[in-house]
>>> print(open('work38.txt').read())   # compact mmCIF, C-alpha atoms and all ligand atoms
# COMPACT_ATOMS: atom_id res chain seq x y z
CA MET A 284 7.83 -23.78 -8.82
CA ASN A 285 4.22 -24.76 -9.46
CA PHE A 286 1.40 -22.60 -8.19
CA SER A 287 -2.29 -23.39 -7.74
CA PRO A 288 -4.79 -20.68 -6.75
CA ALA A 289 -6.99 -23.37 -5.20
CA ASP A 290 -4.15 -24.42 -2.89
CA TRP A 291 -3.47 -20.78 -2.03
CA ARG A 292 -7.12 -20.20 -1.11
CA GLU A 293 -6.74 -22.82 1.60
CA HIS A 294 -4.54 -20.37 3.48
CA PHE A 295 -7.42 -17.88 3.72
CA PRO A 296 -10.23 -18.91 6.07
CA LEU A 297 -12.77 -16.39 4.78
CA LEU A 298 -12.42 -17.60 1.21
CA GLU A 299 -12.74 -21.24 2.29
CA LYS A 300 -15.93 -20.43 4.19
CA PHE A 301 -17.55 -18.62 1.26
CA ARG A 302 -16.58 -21.32 -1.24
CA ALA A 303 -18.49 -23.74 0.95
CA GLU A 304 -21.57 -21.55 1.54
CA SER A 305 -22.12 -19.23 -1.44
CA PRO A 306 -19.96 -17.99 -4.27
CA LEU A 307 -17.70 -15.06 -3.51
CA HIS A 308 -15.61 -13.60 -6.30
CA TYR A 309 -13.44 -11.28 -4.23
CA LEU A 310 -11.84 -8.77 -6.57
CA ASP A 311 -11.35 -5.84 -4.19
CA ASN A 312 -7.82 -6.74 -3.16
CA ALA A 313 -6.51 -3.22 -3.72
CA ALA A 314 -8.82 -2.06 -0.92
CA THR A 315 -7.85 -4.89 1.39
CA GLY A 316 -6.42 -8.37 0.94
CA GLN A 317 -7.93 -11.31 2.81
CA CYS A 318 -6.10 -12.26 5.99
CA CYS A 319 -4.04 -15.47 5.89
CA TYR A 320 -3.93 -18.17 8.55
CA ALA A 321 -0.23 -17.45 9.17
CA ALA A 322 -1.13 -13.96 10.41
CA MET A 323 -4.13 -15.07 12.44
CA ASN A 324 -2.32 -17.98 14.04
CA ALA A 325 0.63 -15.82 15.09
CA ALA A 326 -1.66 -13.14 16.54
CA THR A 327 -3.69 -15.78 18.39
CA ALA A 328 -0.53 -17.41 19.73
CA PHE A 329 0.53 -14.04 21.14
CA GLU A 330 -2.88 -13.40 22.70
CA THR A 331 -3.12 -16.85 24.25
CA GLN A 332 0.50 -17.45 25.28
CA SER A 333 2.53 -14.23 25.44
CA ARG A 334 0.22 -11.27 25.95
CA ALA A 335 1.80 -8.48 27.94
CA ASN A 336 2.71 -4.91 27.09
CA VAL A 337 6.03 -4.47 25.31
CA LEU A 338 9.18 -2.59 26.35
CA ARG A 339 8.02 -2.20 29.93
CA GLY A 340 7.99 -5.43 31.93
CA THR A 341 10.82 -7.45 33.43
CA TYR A 342 8.83 -10.62 34.14
CA ARG A 343 9.09 -13.63 31.83
CA LEU A 344 5.71 -13.14 30.14
CA ALA A 345 6.66 -9.57 29.21
CA GLU A 346 10.01 -10.77 27.92
CA ARG A 347 8.19 -13.25 25.65
CA ALA A 348 5.96 -10.43 24.37
CA ASP A 349 9.02 -8.26 23.68
CA ALA A 350 10.73 -11.09 21.84
CA ALA A 351 7.67 -11.78 19.67
CA TYR A 352 7.25 -8.09 18.83
CA GLU A 353 10.93 -7.62 17.95
CA HIS A 354 10.89 -10.85 15.93
CA ALA A 355 8.11 -9.34 13.81
CA ARG A 356 10.37 -6.36 13.11
CA HIS A 357 13.03 -8.75 11.78
CA GLN A 358 10.45 -10.52 9.61
CA VAL A 359 9.35 -7.22 8.06
CA ALA A 360 12.99 -6.20 7.54
CA ALA A 361 13.63 -9.46 5.68
CA TYR A 362 10.61 -8.90 3.37
CA LEU A 363 11.87 -5.41 2.49
CA ASN A 364 15.57 -6.35 2.38
CA ALA A 365 16.20 -3.62 4.96
CA ALA A 366 19.72 -3.31 6.34
CA SER A 367 18.51 -3.63 9.94
CA ALA A 368 15.34 -4.34 11.94
CA ASP A 369 15.91 -0.94 13.58
CA GLU A 370 14.83 0.62 10.29
CA ILE A 371 11.30 -0.78 10.75
CA VAL A 372 8.79 1.48 12.50
CA PHE A 373 5.38 -0.02 13.26
CA THR A 374 2.52 2.39 12.63
CA SER A 375 -1.22 1.96 12.13
CA GLY A 376 -0.94 1.89 8.32
CA THR A 377 0.27 3.62 5.18
CA THR A 378 -1.64 6.78 6.02
CA ALA A 379 0.00 7.04 9.45
CA SER A 380 3.44 6.28 8.01
CA ILE A 381 3.20 9.05 5.41
CA ASN A 382 1.83 11.51 7.97
CA LEU A 383 4.76 10.64 10.22
CA VAL A 384 7.23 11.69 7.50
CA ALA A 385 5.14 14.73 6.55
CA HIS A 386 5.41 15.93 10.16
CA ALA A 387 8.86 14.78 11.25
CA PHE A 388 10.68 15.52 7.98
CA GLY A 389 8.25 18.19 6.84
CA ASP A 390 8.62 20.32 9.94
CA MET A 391 12.36 20.63 9.25
CA LEU A 392 11.60 22.32 5.91
CA GLN A 393 11.67 26.06 5.26
CA PRO A 394 9.12 28.17 3.38
CA GLY A 395 9.87 27.86 -0.33
CA ASP A 396 11.35 24.36 -0.04
CA GLU A 397 9.75 21.96 -2.50
CA VAL A 398 8.10 18.53 -2.35
CA VAL A 399 7.49 16.63 -5.59
CA LEU A 400 4.27 14.59 -5.90
CA SER A 401 2.11 13.40 -8.76
CA LEU A 402 -1.57 13.43 -9.70
CA VAL A 403 -1.85 9.65 -9.38
CA GLU A 404 -1.34 9.79 -5.62
CA HIS A 405 -3.86 8.33 -3.21
CA HIS A 406 -5.25 11.04 -0.91
CA SER A 407 -2.96 9.55 1.79
CA ASN A 408 0.03 10.78 -0.17
CA PHE A 409 -1.52 14.06 -1.20
CA VAL A 410 -3.41 15.63 1.69
CA PRO A 411 -0.57 15.31 4.28
CA TRP A 412 1.60 17.38 1.93
CA GLN A 413 -1.14 19.95 1.42
CA LEU A 414 -1.39 20.24 5.20
CA LEU A 415 2.39 20.66 5.34
CA ARG A 416 2.12 23.42 2.72
CA GLU A 417 -0.31 25.21 5.04
CA ARG A 418 1.95 24.70 8.08
CA ARG A 419 5.33 25.46 6.55
CA GLY A 420 4.76 27.30 3.27
CA VAL A 421 6.45 24.59 1.21
CA ILE A 422 5.76 24.40 -2.52
CA LEU A 423 4.21 21.27 -4.02
CA ARG A 424 5.33 20.39 -7.54
CA LEU A 425 3.54 17.78 -9.63
CA LEU A 426 5.12 15.33 -12.04
CA PRO A 427 3.29 15.43 -15.37
CA LEU A 428 1.20 12.43 -16.49
CA ALA A 429 0.92 10.71 -19.84
CA ALA A 430 -2.56 10.30 -21.38
CA ASP A 431 -2.97 6.82 -19.84
CA GLY A 432 -2.14 8.07 -16.35
CA ARG A 433 1.43 6.80 -16.17
CA LEU A 434 4.06 9.19 -14.81
CA ASP A 435 5.73 11.10 -17.61
CA LEU A 436 9.39 11.22 -16.58
CA SER A 437 10.71 12.70 -19.82
CA ARG A 438 11.10 16.26 -18.44
CA LEU A 439 12.29 15.69 -14.89
CA ASP A 440 14.60 18.69 -14.99
CA GLU A 441 11.49 20.92 -15.20
CA THR A 442 10.09 19.50 -11.95
CA PHE A 443 13.21 19.06 -9.82
CA THR A 444 14.81 22.33 -8.74
CA PRO A 445 17.60 22.94 -6.21
CA ARG A 446 14.84 23.72 -3.63
CA CYS A 447 13.46 20.16 -3.87
CA ARG A 448 13.79 18.40 -0.51
CA LEU A 449 11.62 15.32 -1.02
CA VAL A 450 9.89 13.35 -3.74
CA ALA A 451 6.90 11.37 -2.47
CA VAL A 452 5.25 9.15 -5.07
CA THR A 453 3.35 5.93 -5.25
CA HIS A 454 5.20 2.71 -6.01
CA ALA A 455 2.10 1.53 -7.88
CA SER A 456 -1.22 3.28 -8.52
CA ASN A 457 -4.32 1.95 -6.75
CA VAL A 458 -6.42 3.09 -9.75
CA THR A 459 -4.42 2.26 -12.87
CA GLY A 460 -2.10 -0.39 -11.42
CA ALA A 461 0.81 1.32 -13.20
CA VAL A 462 4.15 0.68 -11.47
CA SER A 463 6.20 3.85 -11.19
CA ASP A 464 9.64 3.91 -12.76
CA ILE A 465 11.63 4.65 -9.63
CA ALA A 466 15.25 4.74 -10.85
CA PRO A 467 15.02 8.06 -12.79
CA LEU A 468 13.17 9.66 -9.87
CA VAL A 469 15.87 8.58 -7.42
CA GLU A 470 18.55 9.89 -9.76
CA ALA A 471 16.80 13.25 -10.15
CA ALA A 472 16.24 13.50 -6.38
CA ARG A 473 19.85 12.64 -5.58
CA ALA A 474 21.10 15.24 -8.06
CA VAL A 475 19.48 17.97 -5.94
CA GLY A 476 20.08 16.30 -2.56
CA ALA A 477 16.41 15.35 -1.98
CA ARG A 478 15.00 12.34 -0.13
CA VAL A 479 12.64 9.79 -1.75
CA LEU A 480 9.52 8.34 -0.14
CA LEU A 481 7.50 5.59 -1.82
CA ASP A 482 3.89 4.80 -1.02
CA GLY A 483 4.06 1.00 -1.18
CA ALA A 484 0.45 0.32 -0.19
CA GLN A 485 -0.32 -1.46 -3.47
CA ALA A 486 3.05 -2.91 -4.45
CA VAL A 487 3.72 -4.80 -1.24
CA GLN A 488 1.07 -7.49 -1.78
CA HIS A 489 2.62 -8.55 -5.10
CA GLY A 490 5.89 -9.86 -3.75
CA PRO A 491 8.88 -8.93 -1.59
CA VAL A 492 10.21 -5.41 -2.04
CA ASP A 493 13.92 -4.58 -2.18
CA VAL A 494 14.34 -1.14 -0.63
CA ALA A 495 18.12 -1.41 -1.00
CA ALA A 496 17.88 -1.97 -4.75
CA LEU A 497 15.30 0.80 -5.11
CA GLY A 498 17.78 3.21 -3.53
CA ILE A 499 15.07 5.17 -1.71
CA ASP A 500 14.87 6.64 1.82
CA PHE A 501 11.36 5.86 3.09
CA TYR A 502 8.81 3.16 2.27
CA ALA A 503 5.25 3.11 3.66
CA PHE A 504 2.73 0.27 3.57
CA SER A 505 -0.26 -1.29 5.37
CA GLY A 506 -0.57 -4.78 6.83
CA HIS A 507 -4.14 -5.34 5.68
CA LYS A 508 -3.21 -5.05 2.00
CA ALA A 509 -0.41 -7.59 2.44
CA PHE A 510 -2.77 -10.38 3.61
CA GLY A 511 -2.08 -9.42 7.23
CA PRO A 512 -4.11 -7.84 10.04
CA THR A 513 -5.81 -4.45 9.95
CA GLY A 514 -4.63 -1.68 12.26
CA VAL A 515 -0.91 -2.07 11.59
CA GLY A 516 1.48 -0.70 9.00
CA VAL A 517 5.12 0.06 8.50
CA LEU A 518 7.39 2.96 7.84
CA TRP A 519 10.78 1.77 6.67
CA GLY A 520 13.44 4.46 6.80
CA ARG A 521 17.06 4.16 5.74
CA GLY A 522 19.13 4.23 8.97
CA LYS A 523 20.58 7.72 8.55
CA ALA A 524 17.36 9.20 7.13
CA LEU A 525 15.37 7.91 10.10
CA ALA A 526 17.98 8.97 12.66
CA ALA A 527 17.85 12.55 11.32
CA LEU A 528 14.12 12.88 12.05
CA PRO A 529 12.70 14.45 15.19
CA PRO A 530 9.80 12.65 16.90
CA PHE A 531 6.26 13.10 15.60
CA LEU A 532 3.99 11.86 18.39
CA GLY A 533 5.10 12.19 22.00
CA GLY A 534 4.31 9.71 24.78
CA GLY A 535 5.45 6.56 26.51
CA GLY A 536 8.06 4.35 24.90
CA MET A 537 9.65 6.99 22.66
CA ILE A 538 11.83 8.71 25.24
CA GLU A 539 15.28 8.27 26.70
CA HIS A 540 14.70 10.56 29.69
CA VAL A 541 11.90 12.95 30.55
CA GLY A 542 12.72 15.97 32.65
CA VAL A 543 10.48 18.88 33.51
CA GLU A 544 12.50 21.24 31.34
CA ARG A 545 14.08 18.91 28.84
CA THR A 546 13.34 15.50 27.37
CA THR A 547 15.62 13.35 25.28
CA TYR A 548 14.35 10.78 22.84
CA ALA A 549 15.01 7.14 22.13
CA SER A 550 16.78 6.07 18.95
CA PRO A 551 14.73 4.83 16.00
CA PRO A 552 12.54 2.85 15.71
CA ARG A 553 11.26 3.50 19.28
CA ARG A 554 11.43 7.29 18.80
CA PHE A 555 8.50 6.93 16.40
CA GLU A 556 6.41 4.42 18.36
CA ALA A 557 4.81 6.52 21.11
CA GLY A 558 2.31 4.64 23.27
CA THR A 559 1.39 0.98 23.20
CA PRO A 560 1.87 -0.25 19.64
CA PRO A 561 -0.48 -2.64 17.79
CA ILE A 562 1.39 -5.62 19.25
CA ALA A 563 -0.70 -8.61 18.11
CA GLN A 564 -1.22 -6.99 14.72
CA ALA A 565 2.50 -6.38 14.21
CA ILE A 566 3.21 -10.00 15.15
CA GLY A 567 0.52 -11.14 12.68
CA LEU A 568 1.98 -8.94 9.96
CA GLY A 569 5.48 -10.31 10.56
CA ALA A 570 4.16 -13.87 10.21
CA ALA A 571 2.19 -13.00 7.04
CA LEU A 572 5.27 -11.48 5.39
CA ASP A 573 7.43 -14.40 6.50
CA TRP A 574 4.97 -16.77 4.80
CA LEU A 575 4.65 -14.55 1.72
CA ARG A 576 8.43 -14.35 1.31
CA GLU A 577 8.55 -18.10 0.68
CA GLN A 578 5.84 -18.10 -2.01
CA PRO A 579 6.57 -18.73 -5.71
CA TRP A 580 6.17 -15.11 -6.78
CA ALA A 581 7.26 -15.53 -10.40
CA ALA A 582 4.54 -18.15 -10.95
CA MET A 583 1.98 -16.20 -8.90
CA ASN A 584 2.58 -12.93 -10.75
CA ALA A 585 2.38 -14.77 -14.09
CA HIS A 586 -0.95 -16.20 -12.92
CA THR A 587 -2.43 -12.83 -11.89
CA ALA A 588 -1.14 -11.23 -15.12
CA ARG A 589 -2.94 -13.95 -17.14
CA LEU A 590 -6.14 -13.18 -15.23
CA ALA A 591 -5.70 -9.45 -15.84
CA GLN A 592 -5.25 -10.15 -19.56
CA ARG A 593 -8.41 -12.29 -19.57
CA LEU A 594 -10.25 -9.38 -17.96
CA LEU A 595 -8.83 -6.77 -20.35
CA ASP A 596 -9.77 -8.94 -23.36
CA GLY A 597 -13.29 -9.52 -22.01
CA LEU A 598 -13.82 -5.83 -21.25
CA ALA A 599 -12.53 -4.64 -24.62
CA VAL A 600 -15.51 -6.16 -26.45
CA LEU A 601 -18.17 -4.71 -24.12
CA PRO A 602 -20.10 -1.75 -25.59
CA GLY A 603 -19.51 1.76 -24.24
CA LEU A 604 -16.51 0.84 -22.10
CA THR A 605 -13.58 3.16 -21.43
CA PHE A 606 -10.51 2.21 -19.45
CA VAL A 607 -9.49 4.59 -16.69
CA GLY A 608 -5.77 4.08 -17.11
CA PRO A 609 -3.70 1.95 -19.43
CA HIS A 610 -5.27 -0.95 -21.31
CA ASP A 611 -2.08 -2.92 -21.77
CA LEU A 612 -0.24 -5.02 -19.23
CA ARG A 613 3.11 -3.28 -19.48
CA GLU A 614 4.65 -2.62 -16.07
CA ARG A 615 1.47 -2.72 -14.11
CA LEU A 616 -0.15 -4.65 -11.33
CA PRO A 617 -3.36 -6.65 -11.93
CA ILE A 618 -5.59 -3.69 -11.06
CA VAL A 619 -8.04 -2.63 -13.77
CA SER A 620 -10.33 0.43 -13.64
CA PHE A 621 -13.01 1.23 -16.19
CA ASN A 622 -16.32 2.95 -16.87
CA PHE A 623 -19.40 2.34 -18.98
CA GLU A 624 -20.97 5.28 -20.72
CA GLY A 625 -24.14 6.31 -18.89
CA ILE A 626 -23.71 3.87 -15.96
CA HIS A 627 -22.71 5.06 -12.50
CA PRO A 628 -19.91 2.90 -11.01
CA HIS A 629 -21.95 2.33 -7.81
CA ASP A 630 -24.90 0.99 -9.82
CA ALA A 631 -22.61 -1.39 -11.71
CA CYS A 632 -21.14 -2.62 -8.41
CA GLN A 633 -24.61 -3.31 -7.03
CA VAL A 634 -25.53 -5.48 -10.01
CA LEU A 635 -22.17 -7.27 -9.69
CA ASP A 636 -22.88 -8.04 -6.03
CA GLU A 637 -25.87 -10.09 -7.17
CA PHE A 638 -23.34 -12.25 -9.03
CA GLY A 639 -21.24 -12.64 -5.87
CA VAL A 640 -18.64 -10.29 -7.35
CA ALA A 641 -17.00 -7.89 -4.89
CA VAL A 642 -15.44 -4.92 -6.68
CA ARG A 643 -15.10 -1.27 -5.76
CA GLY A 644 -16.72 1.71 -7.50
CA GLY A 645 -16.00 5.35 -6.78
CA HIS A 646 -13.11 7.78 -6.80
CA HIS A 647 -10.78 5.36 -4.97
CA CYS A 648 -9.38 8.20 -2.82
CA ALA A 649 -7.72 9.58 -5.93
CA GLN A 650 -9.87 12.58 -6.87
CA PRO A 651 -7.04 14.57 -8.52
CA LEU A 652 -6.53 11.60 -10.87
CA MET A 653 -10.27 11.32 -11.52
CA ASP A 654 -10.30 15.03 -12.40
CA TYR A 655 -7.36 14.45 -14.74
CA PHE A 656 -9.33 11.69 -16.49
CA LYS A 657 -12.48 13.90 -16.35
CA VAL A 658 -14.56 11.17 -14.67
CA GLN A 659 -16.49 11.08 -11.38
CA GLY A 660 -15.26 7.62 -10.56
CA ALA A 661 -14.60 4.16 -11.93
CA VAL A 662 -15.26 0.48 -11.31
CA ARG A 663 -12.06 -1.21 -10.15
CA ALA A 664 -11.25 -4.92 -10.16
CA SER A 665 -8.05 -5.87 -8.35
CA ILE A 666 -6.70 -9.39 -8.57
CA ALA A 667 -4.80 -11.48 -6.01
CA PRO A 668 -3.11 -14.88 -6.42
CA TYR A 669 -6.10 -16.71 -4.89
CA ASN A 670 -8.35 -15.50 -7.74
CA ASP A 671 -8.98 -17.72 -10.73
CA GLU A 672 -10.68 -17.75 -14.14
CA ALA A 673 -14.10 -18.29 -12.52
CA ASP A 674 -13.75 -14.93 -10.70
CA ILE A 675 -12.96 -13.05 -13.91
CA ASP A 676 -15.73 -14.80 -15.85
CA ALA A 677 -18.27 -14.00 -13.11
CA LEU A 678 -17.22 -10.35 -13.27
CA LEU A 679 -17.58 -10.25 -17.06
CA ALA A 680 -20.98 -12.01 -16.92
CA GLY A 681 -22.14 -9.55 -14.26
CA LEU A 682 -20.98 -6.58 -16.31
CA LYS A 683 -22.89 -7.81 -19.37
CA ASP A 684 -25.99 -8.00 -17.19
CA ALA A 685 -25.31 -4.54 -15.75
CA VAL A 686 -25.02 -3.06 -19.24
CA ARG A 687 -28.29 -4.78 -20.24
CA LYS A 688 -30.16 -3.61 -17.11
CA LEU A 689 -28.79 -0.11 -16.66
CA LYS A 690 -28.30 1.23 -20.17
N1 LIG A 701 -1.84 4.57 -0.76
C1 LIG A 701 -2.39 3.77 -1.66
C2 LIG A 701 -1.77 3.70 -3.04
C3 LIG A 701 -3.51 3.00 -1.34
O1 LIG A 701 -4.05 2.21 -2.25
C4 LIG A 701 -4.04 3.10 -0.03
C5 LIG A 701 -5.27 2.31 0.37
N2 LIG A 701 -6.31 2.34 -0.55
C6 LIG A 701 -3.43 3.94 0.88
C7 LIG A 701 -2.33 4.67 0.49
C8 LIG A 701 -3.93 4.10 2.28
O2 LIG A 701 -3.80 2.92 3.01
P1 LIG A 701 -4.41 2.80 4.47
O3 LIG A 701 -5.84 3.21 4.36
O4 LIG A 701 -4.25 1.36 4.81
O5 LIG A 701 -3.62 3.70 5.35
>>> encode(input="work38.txt", output="structure tokens")
Amino acid sequence: MNFSPADWREHFPLLEKFRAESPLHYLDNAATGQCCYAAMNAATAFETQSRANVLRGTYRLAERADAAYEHARHQVAAYLNAASADEIVFTSGTTASINLVAHAFGDMLQPGDEVVLSLVEHHSNFVPWQLLRERRGVILRLLPLAADGRLDLSRLDETFTPRCRLVAVTHASNVTGAVSDIAPLVEAARAVGARVLLDGAQAVQHGPVDVAALGIDFYAFSGHKAFGPTGVGVLWGRGKALAALPPFLGGGGMIEHVGVERTTYASPPRRFEAGTPPIAQAIGLGAALDWLREQPWAAMNAHTARLAQRLLDGLAVLPGLTFVGPHDLRERLPIVSFNFEGIHPHDACQVLDEFGVAVRGGHHCAQPLMDYFKVQGAVRASIAPYNDEADIDALLAGLKDAVRKLK
């Protein structure tokens, strides 16, 4: 199927507006994707036609709200190839989803049990486990990294012991773009009876995910990175894995019966959705994923890979540049991080802003990885299907100017 980034941009009101008014080369898609009309229209339709609280009312308006909210769950399940919509828990984002598992699953662990992580993790998939270590005395084990920051899976038997209960790793790094090789991790985890959680925050915006094929137990992601609304995210849990978890947050909506002495809890997903959920946002996310599912992903991913190659080629000839992460396109997303000798990433980003280029500079909430690379931070360009050659060329022109001005 043919794909045109210009046609795709028409689905994103903010990009249309900026094209008309002033140039915007938006290359900070790993931080947040732009929100598509499909998401906004669905959220607006809910607010204007069906707004009521969910799971509480018996009047027709409330029934419409319930139906719209549950429909969104089915749309998310379809995007993830989940076995059932009941495996979809709406949260406020990746961070909340991972914290949910770190509490509900983590609090069932015993001192000395082990959780396997890696140094490439975003702080969202690092700090919750450190907090769990403080609460429960679990041991955190780290997968080794190769020199370019990819996971080194050649010595898994040294990391996975019989005390391993969970491996929690990123599906794709928000710094290096490297896609983790999941199959060997699942195999190693299964061999010792451990569960597998993937942080899908980055992977989910690059095409539908197949949780069944991945063979994992939990998948966490955020709506705002998948061209949907802010304030909503998802925890997918395999039916049995989710059913085995106790609640995390207590409140309305997550109970079966509350007594003074004893309370019983609803089945998943409700057990994990205490309080009023982000209803309009969940409906917007469902619509965004429904729209994304129909897109020509092979052509779109070939397009973003071509842009990433154009960027890598352009960067390679700039003086004093070092890549933070791999400088080939093997098994990676179109996310490229780099540094210039003697130039602070924030200063480079400021010069780039004058060129209408929006990129991120800093530690990218991955300080253990920055320490591993022995850098304070990096400039990161992250590409989405609506980007085109003009965006990459503006970035390269801006960087040349930054080198000239700041060196
Ligand atoms: N994990 C990864 C890999 C990320 O890139 C991010 C966002 N930068 C997160 C987790 C956290 O996502 P959120 O802030 O939406 O919860």
>>> residues_around(input="work38.txt", residues="segment 384-396 of chain A", least_positions_apart="2", cutoff="7 Å", atoms="all atoms listed in the file", output="list of chain:residue names")
A:Ser380, A:Ile381, A:Asn382, A:Pro411, A:Trp412, A:Leu415, A:Arg419, A:Gly420, A:Val421, A:Ile422, A:Arg446, A:Cys447, A:Arg448, A:Leu528, A:Pro529, A:Pro530, A:Phe531
>>> closest_residue(input="work38.txt", among="A:Leu679, A:Leu604, A:Ala661, A:Ala303", to="Ala591 of chain A", atoms="all atoms listed in the file")
A:Leu679
>>> residues_near_ligand(input="work38.txt", ligand="ligand LIG 701 (chain A)", cutoff="8 Å", atoms="all atoms listed in the file", output="JSON, numbers by chain")
{"A": [313, 314, 315, 375, 376, 377, 378, 379, 380, 404, 405, 406, 407, 408, 453, 454, 455, 456, 457, 458, 482, 483, 484, 485, 504, 505, 506, 507, 508, 513, 516, 647, 648]}
>>> closest_residue(input="work38.txt", among="A:Ile562, A:Ala680, A:Ile666, A:Ala486", to="Ala350 of chain A", atoms="all atoms listed in the file")
A:Ile562
>>> residues_around(input="work38.txt", residues="Phe373 of chain A", least_positions_apart="2", cutoff="8 Å", atoms="only C-alpha atoms", output="VMD selection string")
chain A and resid 371 375 515 to 518 556 560 to 561 565
>>> residues_around(input="work38.txt", residues="Lys690 of chain A", least_positions_apart="5", cutoff="8 Å", atoms="only C-alpha atoms", output="list in words")
Gly625, Ile626 and Ala685 of chain A
>>> closest_residue(input="work38.txt", among="A:Ala321, A:Leu568, A:Ala588, A:Val607", to="Met653 of chain A", atoms="only C-alpha atoms")
A:Val607
>>> axis_aligned_box(input="work38.txt", around="segment 426-438 of chain A", padding_each_side="5 Å", output="lines of an AutoDock Vina configuration file")
center_x = 4.1
center_y = 11.5
center_z = -16.7
size_x = 24.1
size_y = 19.5
size_z = 19.3
>>> closest_residue(input="work38.txt", among="A:Phe621, A:Phe409, A:Phe638, A:Phe295", to="Gly316 of chain A", atoms="only C-alpha atoms")
A:Phe295
>>> residues_around(input="work38.txt", residues="Trp580 of chain A", least_positions_apart="3", cutoff="12 Å", atoms="only C-alpha atoms", output="list of chain:residue names")
A:Met284, A:Asn285, A:Phe286, A:Ser287, A:Val487, A:Gln488, A:His489, A:Gly490, A:Pro491, A:Val492, A:Trp574, A:Leu575, A:Arg576, A:Glu577, A:Met583, A:Asn584, A:Ala585, A:His586, A:Thr587, A:Ala588, A:Ala667, A:Pro668
>>> closest_residue(input="work38.txt", among="A:His610, A:Val640, A:His629, A:Ala581", to="Arg433 of chain A", atoms="all atoms listed in the file")
A:His610
>>> closest_residue(input="work38.txt", among="A:Leu595, A:Gly476, A:Val372, A:Ala673", to="Phe501 of chain A", atoms="only C-alpha atoms")
A:Val372
>>> atom_distance(input="work38.txt", atom1="atom CA of Glu470 of chain A", atom2="atom CA of Ala368 of chain A")
26.1 Å
>>> atom_distance(input="work38.txt", atom1="atom CA of Ile675 of chain A", atom2="atom CA of Asp311 of chain A")
12.2 Å
>>> residues_around(input="work38.txt", residues="Leu449 of chain A", least_positions_apart="5", cutoff="7 Å", atoms="only C-alpha atoms", output="list in words")
Val398, Val399, Ala477, Arg478 and Val479 of chain A
>>> atom_distance(input="work38.txt", atom1="atom CA of Ala366 of chain A", atom2="atom CA of Val494 of chain A")
9.1 Å
>>> decode(input="work38.txt", residues="segment 376-389 of chain A", atoms="N, CA and C atoms", output="PDB file, in the first residue's frame")
ATOM      1  N   GLY A 376      -1.034   5.868  32.446  1.00  0.00           N
ATOM      2  CA  GLY A 376       0.123   5.850  31.555  1.00  0.00           C
ATOM      3  C   GLY A 376       1.059   4.700  31.882  1.00  0.00           C
ATOM      4  N   THR A 377       2.147   4.627  31.131  1.00  0.00           N
ATOM      5  CA  THR A 377       3.131   3.561  31.327  1.00  0.00           C
ATOM      6  C   THR A 377       3.613   3.511  32.776  1.00  0.00           C
ATOM      7  N   THR A 378       3.927   4.689  33.300  1.00  0.00           N
ATOM      8  CA  THR A 378       4.473   4.767  34.658  1.00  0.00           C
ATOM      9  C   THR A 378       3.499   4.140  35.651  1.00  0.00           C
ATOM     10  N   ALA A 379       2.219   4.498  35.525  1.00  0.00           N
ATOM     11  CA  ALA A 379       1.203   3.952  36.442  1.00  0.00           C
ATOM     12  C   ALA A 379       1.052   2.446  36.232  1.00  0.00           C
ATOM     13  N   SER A 380       1.125   2.001  34.989  1.00  0.00           N
ATOM     14  CA  SER A 380       0.955   0.567  34.708  1.00  0.00           C
ATOM     15  C   SER A 380       2.078  -0.241  35.357  1.00  0.00           C
ATOM     16  N   ILE A 381       3.306   0.250  35.237  1.00  0.00           N
ATOM     17  CA  ILE A 381       4.445  -0.490  35.806  1.00  0.00           C
ATOM     18  C   ILE A 381       4.382  -0.458  37.335  1.00  0.00           C
ATOM     19  N   ASN A 382       4.003   0.706  37.879  1.00  0.00           N
ATOM     20  CA  ASN A 382       3.863   0.778  39.344  1.00  0.00           C
ATOM     21  C   ASN A 382       2.779  -0.161  39.854  1.00  0.00           C
ATOM     22  N   LEU A 383       1.724  -0.310  39.045  1.00  0.00           N
ATOM     23  CA  LEU A 383       0.652  -1.248  39.433  1.00  0.00           C
ATOM     24  C   LEU A 383       1.236  -2.659  39.607  1.00  0.00           C
ATOM     25  N   VAL A 384       2.016  -3.093  38.623  1.00  0.00           N
ATOM     26  CA  VAL A 384       2.601  -4.452  38.704  1.00  0.00           C
ATOM     27  C   VAL A 384       3.615  -4.514  39.849  1.00  0.00           C
ATOM     28  N   ALA A 385       4.402  -3.449  39.991  1.00  0.00           N
ATOM     29  CA  ALA A 385       5.430  -3.462  41.046  1.00  0.00           C
ATOM     30  C   ALA A 385       4.789  -3.586  42.425  1.00  0.00           C
ATOM     31  N   HIS A 386       3.575  -3.045  42.579  1.00  0.00           N
ATOM     32  CA  HIS A 386       2.882  -3.182  43.867  1.00  0.00           C
ATOM     33  C   HIS A 386       2.133  -4.505  43.951  1.00  0.00           C
ATOM     34  N   ALA A 387       1.236  -4.735  42.965  1.00  0.00           N
ATOM     35  CA  ALA A 387       0.345  -5.896  43.084  1.00  0.00           C
ATOM     36  C   ALA A 387       1.138  -7.204  43.006  1.00  0.00           C
ATOM     37  N   PHE A 388       1.993  -7.327  42.013  1.00  0.00           N
ATOM     38  CA  PHE A 388       2.813  -8.538  41.878  1.00  0.00           C
ATOM     39  C   PHE A 388       3.952  -8.498  42.899  1.00  0.00           C
ATOM     40  N   GLY A 389       4.563  -7.305  42.988  1.00  0.00           N
ATOM     41  CA  GLY A 389       5.753  -7.174  43.838  1.00  0.00           C
ATOM     42  C   GLY A 389       5.472  -7.495  45.292  1.00  0.00           C
TER      43      GLY A 389
END
